[in-house]
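For reference, the structure is listed below as structure tokens.
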Amino acid sequence: MSNDKFHDQKIDRTWLQIDPGAARHNVTVVRRHATASRIMAVVKANAYGHGAETIAAAIAAQVDAFAVATVAEGIALRQVQIELPIVVLSAFHSAAQINSLCHYQLTPVIHTAAQLAWLEDSELKPTSVWIKLNTGMNRLGFAADQVASAVARIEAIAGLQIAGLMSHLANADDLDDTITEQQINRFNALTADYAYPRSLANSAGVLAWPDTHLDWVRPGIMLYGASPILNKTAVELGLQAVMQLESKLIAVRTVAAGAAVGYGASWRCRNECRVGIVGIGYGDGYPRIVDDQTVAVIADQRCPVIGRVSMDSLALDLSGCTQATVGQRVILWGKSLPVEEVADCAATISYELLCRVTPRVSREIVADDNE
Ligand SMILES: *Cc1c(COP(=O)(O)O)cnc(C)c1O
């Protein structure tokens, strides 16, 4: 980040630890489940906030392709010498973007008639494209009655290969929802007449729905060590957290019985209590709204988050952690506190918390012997 000799990550109040070795371990979990499939590792949104360059470099030798959301994300990976196929899940949104795709040898996922027309009209053509089918998510993809003509139009473009046919699962994290079976059946029916490679599984598909594995799996969240399955922890699934969000106690105070802590005076001490102020807030990407079950970890002790989270700090009840002092390390999520647990307390999902850590937070890459 900064070359200033006075800038030292160790003196920052809040930082992320990224463990590339954990990502590599998580890829082996993908392999163990989907033994016959190729792996398209999803590194969109800066690898779910972990750093696309770091993660892509760490796992490139273990996977068969990368997937990103946008052309710009694909270009960024090419610029750091990633040579594997890079699939752009949303393809392109203007004719001009096709030239960038071609120049950087990115593989778009075509999902609308407008994209087909741009592709047909473009002077430059990519060497291959994926085609996306809608099987029930109703977000992106050709409807059942458009698939045959979309495939035929692509086949008619000289020199253009079809890398495969894909669809996306809407609710595979819920093992009781019958929509996944319906999507599998629809996908199989829509693709039965073609010999092209097929892809349906996200992380939940990899772990819980073997019928979705097919030729290519597209894991995202599980690579980062968070559970994609409702009511199953990452540890139960054999996954290791790649990101740990850490901060420090920047003040410790005694608050009198009945006194309030924080904006809005929304939390009051029942008895006199020790309160620790941690140097992280929503300006760093910690969620502003969390419920009264939320904790942070100090020296293996779970300390409740109390009062409202501010932009630059939050407060902890230190009653269970009497030895805590200023300067002490605080873990907001990571190996000892699953990000899914914090996400639950913030009425969101792990994906959102991982993605939205802000640039103010410095990054430290855990040393990694296997590189
Ligand atoms: C984000 C994404 C994935 C990965 O999903 P996870 O739930 O993170 O495994 C796979 N396929 C598509 C099309 C996606 O957009």
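We label chains A, B, ... in the order they appear in the structure tokens, count residues from 1 in each chain, and number ligands from 1 in the order shown.
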Check every protein, DNA and RNA residue against ligand 1, keep those with an atom at most 6 Å away (counting only C-alpha atoms and all ligand atoms), and present them as a PyMOL selection string.
chain A and resi 42+89+168+202-203+218-221
Quick one: pick out all strand (DSSP E) residues within region 94-239 of chain A from a backbone DSSP run and write them as a PDB file with N, CA, C and O atoms, in the first residue's frame.
```pdb
ATOM      1  N   LEU A 106     -10.535 -13.098 -22.532  1.00  0.00           N
ATOM      2  CA  LEU A 106     -11.511 -13.442 -21.501  1.00  0.00           C
ATOM      3  C   LEU A 106     -12.677 -14.164 -22.166  1.00  0.00           C
ATOM      4  O   LEU A 106     -12.981 -13.928 -23.327  1.00  0.00           O
ATOM      5  N   THR A 107     -13.321 -15.043 -21.406  1.00  0.00           N
ATOM      6  CA  THR A 107     -14.422 -15.844 -21.948  1.00  0.00           C
ATOM      7  C   THR A 107     -15.749 -15.345 -21.379  1.00  0.00           C
ATOM      8  O   THR A 107     -16.003 -15.515 -20.179  1.00  0.00           O
ATOM      9  N   PRO A 108     -16.594 -14.721 -22.194  1.00  0.00           N
ATOM     10  CA  PRO A 108     -17.855 -14.193 -21.646  1.00  0.00           C
ATOM     11  C   PRO A 108     -18.927 -15.277 -21.498  1.00  0.00           C
ATOM     12  O   PRO A 108     -18.897 -16.282 -22.202  1.00  0.00           O
ATOM     13  N   VAL A 109     -19.845 -15.022 -20.579  1.00  0.00           N
ATOM     14  CA  VAL A 109     -21.024 -15.887 -20.435  1.00  0.00           C
ATOM     15  C   VAL A 109     -22.199 -15.129 -21.054  1.00  0.00           C
ATOM     16  O   VAL A 109     -22.684 -14.143 -20.491  1.00  0.00           O
ATOM     17  N   ILE A 110     -22.652 -15.581 -22.228  1.00  0.00           N
ATOM     18  CA  ILE A 110     -23.698 -14.879 -22.971  1.00  0.00           C
ATOM     19  C   ILE A 110     -25.052 -15.240 -22.367  1.00  0.00           C
ATOM     20  O   ILE A 110     -25.362 -16.420 -22.180  1.00  0.00           O
ATOM     21  N   SER A 128     -13.934 -18.238 -27.381  1.00  0.00           N
ATOM     22  CA  SER A 128     -15.008 -19.115 -26.890  1.00  0.00           C
ATOM     23  C   SER A 128     -15.947 -18.356 -25.966  1.00  0.00           C
ATOM     24  O   SER A 128     -15.584 -17.304 -25.419  1.00  0.00           O
ATOM     25  N   VAL A 129     -17.149 -18.880 -25.827  1.00  0.00           N
ATOM     26  CA  VAL A 129     -18.142 -18.292 -24.917  1.00  0.00           C
ATOM     27  C   VAL A 129     -18.857 -19.411 -24.162  1.00  0.00           C
ATOM     28  O   VAL A 129     -18.990 -20.524 -24.675  1.00  0.00           O
ATOM     29  N   TRP A 130     -19.289 -19.107 -22.962  1.00  0.00           N
ATOM     30  CA  TRP A 130     -20.264 -19.937 -22.267  1.00  0.00           C
ATOM     31  C   TRP A 130     -21.653 -19.385 -22.596  1.00  0.00           C
ATOM     32  O   TRP A 130     -21.791 -18.190 -22.898  1.00  0.00           O
ATOM     33  N   ILE A 131     -22.660 -20.240 -22.514  1.00  0.00           N
ATOM     34  CA  ILE A 131     -24.039 -19.779 -22.683  1.00  0.00           C
ATOM     35  C   ILE A 131     -24.792 -20.064 -21.390  1.00  0.00           C
ATOM     36  O   ILE A 131     -24.705 -21.177 -20.847  1.00  0.00           O
ATOM     37  N   LYS A 132     -25.504 -19.059 -20.904  1.00  0.00           N
ATOM     38  CA  LYS A 132     -26.227 -19.235 -19.647  1.00  0.00           C
ATOM     39  C   LYS A 132     -27.714 -19.464 -19.892  1.00  0.00           C
ATOM     40  O   LYS A 132     -28.353 -18.743 -20.658  1.00  0.00           O
ATOM     41  N   GLN A 161     -15.962 -20.967 -30.401  1.00  0.00           N
ATOM     42  CA  GLN A 161     -16.257 -22.221 -29.711  1.00  0.00           C
ATOM     43  C   GLN A 161     -17.287 -21.985 -28.607  1.00  0.00           C
ATOM     44  O   GLN A 161     -17.302 -20.917 -28.004  1.00  0.00           O
ATOM     45  N   ILE A 162     -18.085 -23.001 -28.321  1.00  0.00           N
ATOM     46  CA  ILE A 162     -18.939 -22.957 -27.130  1.00  0.00           C
ATOM     47  C   ILE A 162     -18.199 -23.702 -26.014  1.00  0.00           C
ATOM     48  O   ILE A 162     -17.984 -24.906 -26.105  1.00  0.00           O
ATOM     49  N   ALA A 163     -17.761 -22.940 -25.000  1.00  0.00           N
ATOM     50  CA  ALA A 163     -17.017 -23.557 -23.892  1.00  0.00           C
ATOM     51  C   ALA A 163     -17.932 -24.437 -23.054  1.00  0.00           C
ATOM     52  O   ALA A 163     -17.490 -25.427 -22.464  1.00  0.00           O
ATOM     53  N   GLY A 164     -19.221 -24.055 -23.000  1.00  0.00           N
ATOM     54  CA  GLY A 164     -20.149 -24.879 -22.242  1.00  0.00           C
ATOM     55  C   GLY A 164     -21.476 -24.177 -22.025  1.00  0.00           C
ATOM     56  O   GLY A 164     -21.673 -23.028 -22.423  1.00  0.00           O
ATOM     57  N   LEU A 165     -22.367 -24.912 -21.374  1.00  0.00           N
ATOM     58  CA  LEU A 165     -23.697 -24.404 -21.022  1.00  0.00           C
ATOM     59  C   LEU A 165     -23.781 -24.374 -19.503  1.00  0.00           C
ATOM     60  O   LEU A 165     -23.428 -25.355 -18.839  1.00  0.00           O
ATOM     61  N   MET A 166     -24.223 -23.251 -18.966  1.00  0.00           N
ATOM     62  CA  MET A 166     -24.317 -23.177 -17.501  1.00  0.00           C
ATOM     63  C   MET A 166     -25.648 -22.611 -17.049  1.00  0.00           C
ATOM     64  O   MET A 166     -26.381 -21.966 -17.810  1.00  0.00           O
ATOM     65  N   ARG A 198     -21.028 -28.982 -19.279  1.00  0.00           N
ATOM     66  CA  ARG A 198     -22.142 -28.384 -18.538  1.00  0.00           C
ATOM     67  C   ARG A 198     -21.697 -27.983 -17.133  1.00  0.00           C
ATOM     68  O   ARG A 198     -20.855 -28.655 -16.523  1.00  0.00           O
ATOM     69  N   SER A 199     -22.297 -26.932 -16.599  1.00  0.00           N
ATOM     70  CA  SER A 199     -21.927 -26.440 -15.273  1.00  0.00           C
ATOM     71  C   SER A 199     -23.152 -25.893 -14.540  1.00  0.00           C
ATOM     72  O   SER A 199     -23.902 -25.088 -15.096  1.00  0.00           O
ATOM     73  N   LEU A 200     -23.330 -26.349 -13.320  1.00  0.00           N
ATOM     74  CA  LEU A 200     -24.496 -25.926 -12.529  1.00  0.00           C
ATOM     75  C   LEU A 200     -24.145 -25.581 -11.077  1.00  0.00           C
ATOM     76  O   LEU A 200     -24.798 -24.750 -10.462  1.00  0.00           O
ATOM     77  N   ALA A 201     -23.103 -26.212 -10.528  1.00  0.00           N
ATOM     78  CA  ALA A 201     -22.878 -26.143  -9.076  1.00  0.00           C
ATOM     79  C   ALA A 201     -22.141 -24.898  -8.622  1.00  0.00           C
ATOM     80  O   ALA A 201     -21.062 -24.583  -9.118  1.00  0.00           O
ATOM     81  N   TRP A 216     -18.140 -29.025 -14.937  1.00  0.00           N
ATOM     82  CA  TRP A 216     -17.419 -27.930 -14.277  1.00  0.00           C
ATOM     83  C   TRP A 216     -18.197 -27.523 -13.014  1.00  0.00           C
ATOM     84  O   TRP A 216     -19.413 -27.295 -13.101  1.00  0.00           O
ATOM     85  N   VAL A 217     -17.500 -27.370 -11.889  1.00  0.00           N
ATOM     86  CA  VAL A 217     -18.128 -26.771 -10.707  1.00  0.00           C
ATOM     87  C   VAL A 217     -17.600 -25.348 -10.546  1.00  0.00           C
ATOM     88  O   VAL A 217     -16.500 -25.035 -10.999  1.00  0.00           O
TER      89      VAL A 217
END
```
Residue neighbourhood Lys44 (chain A), 10 Å, only C-alpha atoms, exclusion window fewer than 2 positions, as a short mmCIF file (atom, residue, chain, number, x, y, z; two decimals) with N, CA and C atoms, in the first residue's frame:
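Below you can see out.cif, which holds the result:
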```
data_model
loop_
_atom_site.label_atom_id
_atom_site.label_comp_id
_atom_site.auth_asym_id
_atom_site.auth_seq_id
_atom_site.Cartn_x
_atom_site.Cartn_y
_atom_site.Cartn_z
N ALA A 41 -12.79 -21.53 -10.31
CA ALA A 41 -12.78 -20.87 -9.00
C ALA A 41 -13.33 -19.46 -9.12
N VAL A 42 -14.34 -19.13 -8.34
CA VAL A 42 -15.00 -17.83 -8.47
C VAL A 42 -14.26 -16.80 -7.59
N ASN A 46 -13.17 -8.92 -6.05
CA ASN A 46 -11.87 -8.97 -5.39
C ASN A 46 -11.71 -10.24 -4.55
N ALA A 47 -12.13 -11.38 -5.12
CA ALA A 47 -12.10 -12.66 -4.41
C ALA A 47 -12.84 -12.52 -3.07
N TYR A 48 -14.10 -12.10 -3.18
CA TYR A 48 -14.97 -11.94 -2.01
C TYR A 48 -14.25 -11.14 -0.92
N GLY A 49 -13.53 -10.09 -1.38
CA GLY A 49 -12.86 -9.20 -0.44
C GLY A 49 -11.48 -9.66 0.02
N GLY A 51 -8.79 -10.27 -1.91
CA GLY A 51 -7.69 -9.88 -2.79
C GLY A 51 -7.60 -10.88 -3.94
N ALA A 52 -8.09 -10.48 -5.11
CA ALA A 52 -8.15 -11.43 -6.24
C ALA A 52 -6.77 -11.90 -6.64
N PHE A 66 -10.72 -19.49 -13.77
CA PHE A 66 -11.26 -18.53 -12.79
C PHE A 66 -12.53 -17.92 -13.35
N ALA A 67 -13.42 -17.51 -12.47
CA ALA A 67 -14.60 -16.75 -12.89
C ALA A 67 -14.62 -15.43 -12.14
N VAL A 68 -14.96 -14.35 -12.88
CA VAL A 68 -15.12 -13.02 -12.30
C VAL A 68 -16.47 -12.49 -12.76
N ALA A 69 -16.90 -11.37 -12.19
CA ALA A 69 -18.20 -10.82 -12.57
C ALA A 69 -18.09 -9.87 -13.76
N THR A 70 -16.99 -9.13 -13.82
CA THR A 70 -16.93 -8.04 -14.81
C THR A 70 -15.67 -8.12 -15.67
N GLU A 73 -12.61 -6.85 -13.84
CA GLU A 73 -12.02 -7.83 -12.93
C GLU A 73 -11.17 -8.85 -13.69
N GLY A 74 -11.62 -9.21 -14.88
CA GLY A 74 -10.85 -10.16 -15.70
C GLY A 74 -9.54 -9.55 -16.15
N VAL A 88 -16.02 -14.47 -17.64
CA VAL A 88 -16.68 -13.25 -17.14
C VAL A 88 -18.18 -13.53 -17.05
N LEU A 89 -18.67 -13.68 -15.82
CA LEU A 89 -20.02 -14.22 -15.60
C LEU A 89 -21.12 -13.33 -16.18
N GLY A 220 -17.41 -20.61 -4.97
CA GLY A 220 -16.97 -19.29 -4.55
C GLY A 220 -16.75 -19.32 -3.04
N CYS A 355 -17.03 -9.19 1.57
CA CYS A 355 -16.84 -8.28 0.44
C CYS A 355 -16.68 -6.84 0.83
#
```
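Minimum atom-to-atom distances from A:Leu354, A:Ile250, A:Ala148, A:Val43 to Leu77 (chain A) were compared using only C-alpha atoms, and the lowest value belongs to A:Val43.
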I want to know what sits within 10 Å of Leu84 (chain A), based on only C-alpha atoms, with residues of the same chain fewer than 4 positions away left out; could you give that as a PDB file with all heavy atoms, in the first residue's frame?
```pdb
ATOM      1  N   MET A  40     -13.860 -24.211 -11.740  1.00  0.00           N
ATOM      2  CA  MET A  40     -13.815 -22.803 -12.117  1.00  0.00           C
ATOM      3  C   MET A  40     -13.927 -22.036 -10.789  1.00  0.00           C
ATOM      4  O   MET A  40     -15.001 -21.960 -10.203  1.00  0.00           O
ATOM      5  CB  MET A  40     -15.001 -22.491 -13.040  1.00  0.00           C
ATOM      6  CG  MET A  40     -15.004 -21.107 -13.635  1.00  0.00           C
ATOM      7  SD  MET A  40     -16.575 -20.774 -14.527  1.00  0.00           S
ATOM      8  CE  MET A  40     -16.499 -21.967 -15.868  1.00  0.00           C
ATOM      9  N   ALA A  56      -5.919 -15.745  -6.471  1.00  0.00           N
ATOM     10  CA  ALA A  56      -5.724 -16.403  -7.766  1.00  0.00           C
ATOM     11  C   ALA A  56      -4.321 -16.989  -7.858  1.00  0.00           C
ATOM     12  O   ALA A  56      -4.140 -18.127  -8.300  1.00  0.00           O
ATOM     13  CB  ALA A  56      -5.976 -15.414  -8.908  1.00  0.00           C
ATOM     14  N   ALA A  60      -3.880 -21.033  -8.348  1.00  0.00           N
ATOM     15  CA  ALA A  60      -3.865 -21.221  -9.816  1.00  0.00           C
ATOM     16  C   ALA A  60      -3.430 -22.630 -10.212  1.00  0.00           C
ATOM     17  O   ALA A  60      -3.956 -23.207 -11.172  1.00  0.00           O
ATOM     18  CB  ALA A  60      -2.960 -20.182 -10.468  1.00  0.00           C
ATOM     19  N   ALA A  61      -2.485 -23.193  -9.469  1.00  0.00           N
ATOM     20  CA  ALA A  61      -1.967 -24.512  -9.859  1.00  0.00           C
ATOM     21  C   ALA A  61      -2.973 -25.629  -9.580  1.00  0.00           C
ATOM     22  O   ALA A  61      -2.820 -26.740 -10.086  1.00  0.00           O
ATOM     23  CB  ALA A  61      -0.663 -24.788  -9.121  1.00  0.00           C
ATOM     24  N   VAL A  63      -6.539 -25.283  -9.847  1.00  0.00           N
ATOM     25  CA  VAL A  63      -7.863 -25.154 -10.463  1.00  0.00           C
ATOM     26  C   VAL A  63      -7.715 -25.080 -11.981  1.00  0.00           C
ATOM     27  O   VAL A  63      -6.595 -25.001 -12.505  1.00  0.00           O
ATOM     28  CB  VAL A  63      -8.631 -23.918  -9.912  1.00  0.00           C
ATOM     29  CG1 VAL A  63      -8.763 -24.006  -8.392  1.00  0.00           C
ATOM     30  CG2 VAL A  63      -7.965 -22.608 -10.325  1.00  0.00           C
ATOM     31  N   ASP A  64      -8.856 -25.115 -12.695  1.00  0.00           N
ATOM     32  CA  ASP A  64      -8.821 -25.199 -14.150  1.00  0.00           C
ATOM     33  C   ASP A  64      -9.194 -23.888 -14.832  1.00  0.00           C
ATOM     34  O   ASP A  64      -8.952 -23.717 -16.025  1.00  0.00           O
ATOM     35  CB  ASP A  64      -9.780 -26.305 -14.596  1.00  0.00           C
ATOM     36  CG  ASP A  64      -9.413 -27.622 -13.937  1.00  0.00           C
ATOM     37  OD1 ASP A  64      -8.419 -28.227 -14.357  1.00  0.00           O
ATOM     38  OD2 ASP A  64     -10.086 -28.021 -12.955  1.00  0.00           O
ATOM     39  N   ALA A  65      -9.842 -22.988 -14.101  1.00  0.00           N
ATOM     40  CA  ALA A  65     -10.234 -21.691 -14.651  1.00  0.00           C
ATOM     41  C   ALA A  65     -10.629 -20.788 -13.485  1.00  0.00           C
ATOM     42  O   ALA A  65     -10.845 -21.269 -12.366  1.00  0.00           O
ATOM     43  CB  ALA A  65     -11.419 -21.840 -15.609  1.00  0.00           C
ATOM     44  N   PHE A  66     -10.723 -19.485 -13.768  1.00  0.00           N
ATOM     45  CA  PHE A  66     -11.260 -18.535 -12.791  1.00  0.00           C
ATOM     46  C   PHE A  66     -12.529 -17.921 -13.353  1.00  0.00           C
ATOM     47  O   PHE A  66     -12.690 -17.813 -14.572  1.00  0.00           O
ATOM     48  CB  PHE A  66     -10.250 -17.423 -12.495  1.00  0.00           C
ATOM     49  CG  PHE A  66      -9.068 -17.900 -11.702  1.00  0.00           C
ATOM     50  CD1 PHE A  66      -7.822 -18.042 -12.288  1.00  0.00           C
ATOM     51  CD2 PHE A  66      -9.217 -18.233 -10.364  1.00  0.00           C
ATOM     52  CE1 PHE A  66      -6.734 -18.505 -11.559  1.00  0.00           C
ATOM     53  CE2 PHE A  66      -8.140 -18.699  -9.616  1.00  0.00           C
ATOM     54  CZ  PHE A  66      -6.894 -18.839 -10.215  1.00  0.00           C
ATOM     55  N   LEU A  77      -6.867  -9.522 -13.492  1.00  0.00           N
ATOM     56  CA  LEU A  77      -6.174 -10.811 -13.305  1.00  0.00           C
ATOM     57  C   LEU A  77      -5.145 -11.056 -14.407  1.00  0.00           C
ATOM     58  O   LEU A  77      -4.051 -11.558 -14.141  1.00  0.00           O
ATOM     59  CB  LEU A  77      -7.176 -11.962 -13.277  1.00  0.00           C
ATOM     60  CG  LEU A  77      -7.990 -12.146 -11.996  1.00  0.00           C
ATOM     61  CD1 LEU A  77      -8.830 -13.419 -12.106  1.00  0.00           C
ATOM     62  CD2 LEU A  77      -7.084 -12.225 -10.776  1.00  0.00           C
ATOM     63  N   ARG A  78      -5.493 -10.698 -15.646  1.00  0.00           N
ATOM     64  CA  ARG A  78      -4.503 -10.857 -16.728  1.00  0.00           C
ATOM     65  C   ARG A  78      -3.271  -9.995 -16.459  1.00  0.00           C
ATOM     66  O   ARG A  78      -2.154 -10.381 -16.766  1.00  0.00           O
ATOM     67  CB  ARG A  78      -5.110 -10.457 -18.067  1.00  0.00           C
ATOM     68  CG  ARG A  78      -6.074 -11.461 -18.651  1.00  0.00           C
ATOM     69  CD  ARG A  78      -5.354 -12.697 -19.184  1.00  0.00           C
ATOM     70  NE  ARG A  78      -6.295 -13.631 -19.774  1.00  0.00           N
ATOM     71  CZ  ARG A  78      -6.537 -14.875 -19.339  1.00  0.00           C
ATOM     72  NH1 ARG A  78      -5.876 -15.366 -18.304  1.00  0.00           N
ATOM     73  NH2 ARG A  78      -7.414 -15.639 -19.941  1.00  0.00           N
ATOM     74  N   GLN A 105      -8.221 -11.998 -23.819  1.00  0.00           N
ATOM     75  CA  GLN A 105      -8.594 -13.412 -23.895  1.00  0.00           C
ATOM     76  C   GLN A 105      -9.474 -13.857 -22.725  1.00  0.00           C
ATOM     77  O   GLN A 105      -9.179 -14.815 -22.012  1.00  0.00           O
ATOM     78  CB  GLN A 105      -7.340 -14.277 -23.964  1.00  0.00           C
ATOM     79  CG  GLN A 105      -6.585 -14.010 -25.270  1.00  0.00           C
ATOM     80  CD  GLN A 105      -5.478 -14.997 -25.478  1.00  0.00           C
ATOM     81  OE1 GLN A 105      -4.596 -15.129 -24.624  1.00  0.00           O
ATOM     82  NE2 GLN A 105      -5.507 -15.689 -26.591  1.00  0.00           N
ATOM     83  N   LEU A 106     -10.535 -13.098 -22.532  1.00  0.00           N
ATOM     84  CA  LEU A 106     -11.511 -13.442 -21.501  1.00  0.00           C
ATOM     85  C   LEU A 106     -12.677 -14.164 -22.166  1.00  0.00           C
ATOM     86  O   LEU A 106     -12.981 -13.928 -23.327  1.00  0.00           O
ATOM     87  CB  LEU A 106     -12.001 -12.174 -20.797  1.00  0.00           C
ATOM     88  CG  LEU A 106     -10.896 -11.259 -20.248  1.00  0.00           C
ATOM     89  CD1 LEU A 106     -11.494  -9.970 -19.698  1.00  0.00           C
ATOM     90  CD2 LEU A 106     -10.073 -11.978 -19.181  1.00  0.00           C
TER      91      LEU A 106
END
```
If you count only C-alpha atoms, the residue of A:Ile289, A:Cys102, A:Leu318, A:Leu245 closest to Ile331 (chain A) turns out to be A:Leu245
Find the residues around Gln183 (chain A) up to 10 Å (only C-alpha atoms counted), leave out those fewer than 6 positions away in its own chain, and share them as a PDB file with N, CA and C atoms, in the first residue's frame.
```
ATOM      1  N   ASN A 134     -31.591 -20.026 -18.108  1.00  0.00           N
ATOM      2  CA  ASN A 134     -32.394 -19.782 -16.907  1.00  0.00           C
ATOM      3  C   ASN A 134     -33.152 -21.065 -16.551  1.00  0.00           C
ATOM      4  N   THR A 135     -32.914 -21.560 -15.318  1.00  0.00           N
ATOM      5  CA  THR A 135     -33.644 -22.772 -14.912  1.00  0.00           C
ATOM      6  C   THR A 135     -34.518 -22.515 -13.687  1.00  0.00           C
ATOM      7  N   GLY A 136     -34.714 -21.235 -13.344  1.00  0.00           N
ATOM      8  CA  GLY A 136     -35.610 -20.973 -12.226  1.00  0.00           C
ATOM      9  C   GLY A 136     -35.182 -19.842 -11.312  1.00  0.00           C
ATOM     10  N   MET A 137     -33.927 -19.386 -11.473  1.00  0.00           N
ATOM     11  CA  MET A 137     -33.479 -18.263 -10.654  1.00  0.00           C
ATOM     12  C   MET A 137     -34.099 -16.958 -11.180  1.00  0.00           C
ATOM     13  N   SER A 167     -25.974 -22.904 -15.774  1.00  0.00           N
ATOM     14  CA  SER A 167     -27.110 -22.269 -15.123  1.00  0.00           C
ATOM     15  C   SER A 167     -26.732 -22.078 -13.658  1.00  0.00           C
ATOM     16  N   HIS A 168     -27.533 -21.309 -12.925  1.00  0.00           N
ATOM     17  CA  HIS A 168     -27.162 -20.990 -11.539  1.00  0.00           C
ATOM     18  C   HIS A 168     -28.274 -21.429 -10.593  1.00  0.00           C
ATOM     19  N   LEU A 169     -27.873 -21.989  -9.447  1.00  0.00           N
ATOM     20  CA  LEU A 169     -28.838 -22.498  -8.461  1.00  0.00           C
ATOM     21  C   LEU A 169     -29.331 -21.354  -7.569  1.00  0.00           C
ATOM     22  N   ALA A 170     -30.627 -21.341  -7.304  1.00  0.00           N
ATOM     23  CA  ALA A 170     -31.209 -20.217  -6.563  1.00  0.00           C
ATOM     24  C   ALA A 170     -31.221 -20.434  -5.049  1.00  0.00           C
ATOM     25  N   ASN A 171     -31.288 -21.696  -4.609  1.00  0.00           N
ATOM     26  CA  ASN A 171     -31.477 -21.909  -3.168  1.00  0.00           C
ATOM     27  C   ASN A 171     -30.845 -23.213  -2.679  1.00  0.00           C
ATOM     28  N   ALA A 172     -29.670 -23.535  -3.218  1.00  0.00           N
ATOM     29  CA  ALA A 172     -29.031 -24.820  -2.885  1.00  0.00           C
ATOM     30  C   ALA A 172     -28.522 -24.862  -1.454  1.00  0.00           C
ATOM     31  N   ALA A 189     -32.808 -31.452 -18.929  1.00  0.00           N
ATOM     32  CA  ALA A 189     -33.698 -31.530 -20.097  1.00  0.00           C
ATOM     33  C   ALA A 189     -33.254 -30.534 -21.179  1.00  0.00           C
ATOM     34  N   LEU A 200     -23.330 -26.349 -13.320  1.00  0.00           N
ATOM     35  CA  LEU A 200     -24.496 -25.926 -12.529  1.00  0.00           C
ATOM     36  C   LEU A 200     -24.145 -25.581 -11.077  1.00  0.00           C
ATOM     37  N   THR A 212     -25.415 -32.016  -9.305  1.00  0.00           N
ATOM     38  CA  THR A 212     -25.108 -30.744  -9.963  1.00  0.00           C
ATOM     39  C   THR A 212     -23.644 -30.660 -10.417  1.00  0.00           C
TER      40      THR A 212
END
```
Dump as JSON lines the rows for residues of region 210-252 of chain A within 12 Å of region 294-308 of chain A: closest atom pair and distance in Å with one decimal, only C-alpha atoms counted, ordered by chain and rising residue number.
```
{"residue": "A:Gln244", "atom": "CA", "partner": "A:Val297", "partner_atom": "CA", "distance": 11.4}
{"residue": "A:Leu245", "atom": "CA", "partner": "A:Ala296", "partner_atom": "CA", "distance": 10.2}
{"residue": "A:Glu246", "atom": "CA", "partner": "A:Val297", "partner_atom": "CA", "distance": 9.5}
{"residue": "A:Ser247", "atom": "CA", "partner": "A:Ala296", "partner_atom": "CA", "distance": 10.0}
{"residue": "A:Lys248", "atom": "CA", "partner": "A:Ile298", "partner_atom": "CA", "distance": 9.3}
{"residue": "A:Leu249", "atom": "CA", "partner": "A:Ile298", "partner_atom": "CA", "distance": 9.3}
```
Selection file, C-alpha atoms, as an mmCIF file, in the first residue's frame:
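Contents of the output file part12.cif:
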```cif
data_model
loop_
_atom_site.group_PDB
_atom_site.id
_atom_site.type_symbol
_atom_site.label_atom_id
_atom_site.label_comp_id
_atom_site.auth_asym_id
_atom_site.auth_seq_id
_atom_site.Cartn_x
_atom_site.Cartn_y
_atom_site.Cartn_z
ATOM 1 C CA GLN A 244 -9.338 -12.986 9.829
ATOM 2 C CA LEU A 245 -10.406 -9.447 10.753
ATOM 3 C CA GLU A 246 -8.458 -8.115 13.693
ATOM 4 C CA SER A 247 -8.266 -4.925 15.679
ATOM 5 C CA LYS A 248 -7.061 -3.661 19.043
ATOM 6 C CA LEU A 249 -8.481 -2.370 22.267
#
```
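Across the model, the gap from CA of Arg363 (chain A) to CA of Ala251 (chain A) is 23.1 Å.
Using only C-alpha atoms, the shortest contact distance between Asp121 (chain A) and any of A:Leu353, A:Ala150, A:Leu175, A:Ala96 is found at A:Ala96.
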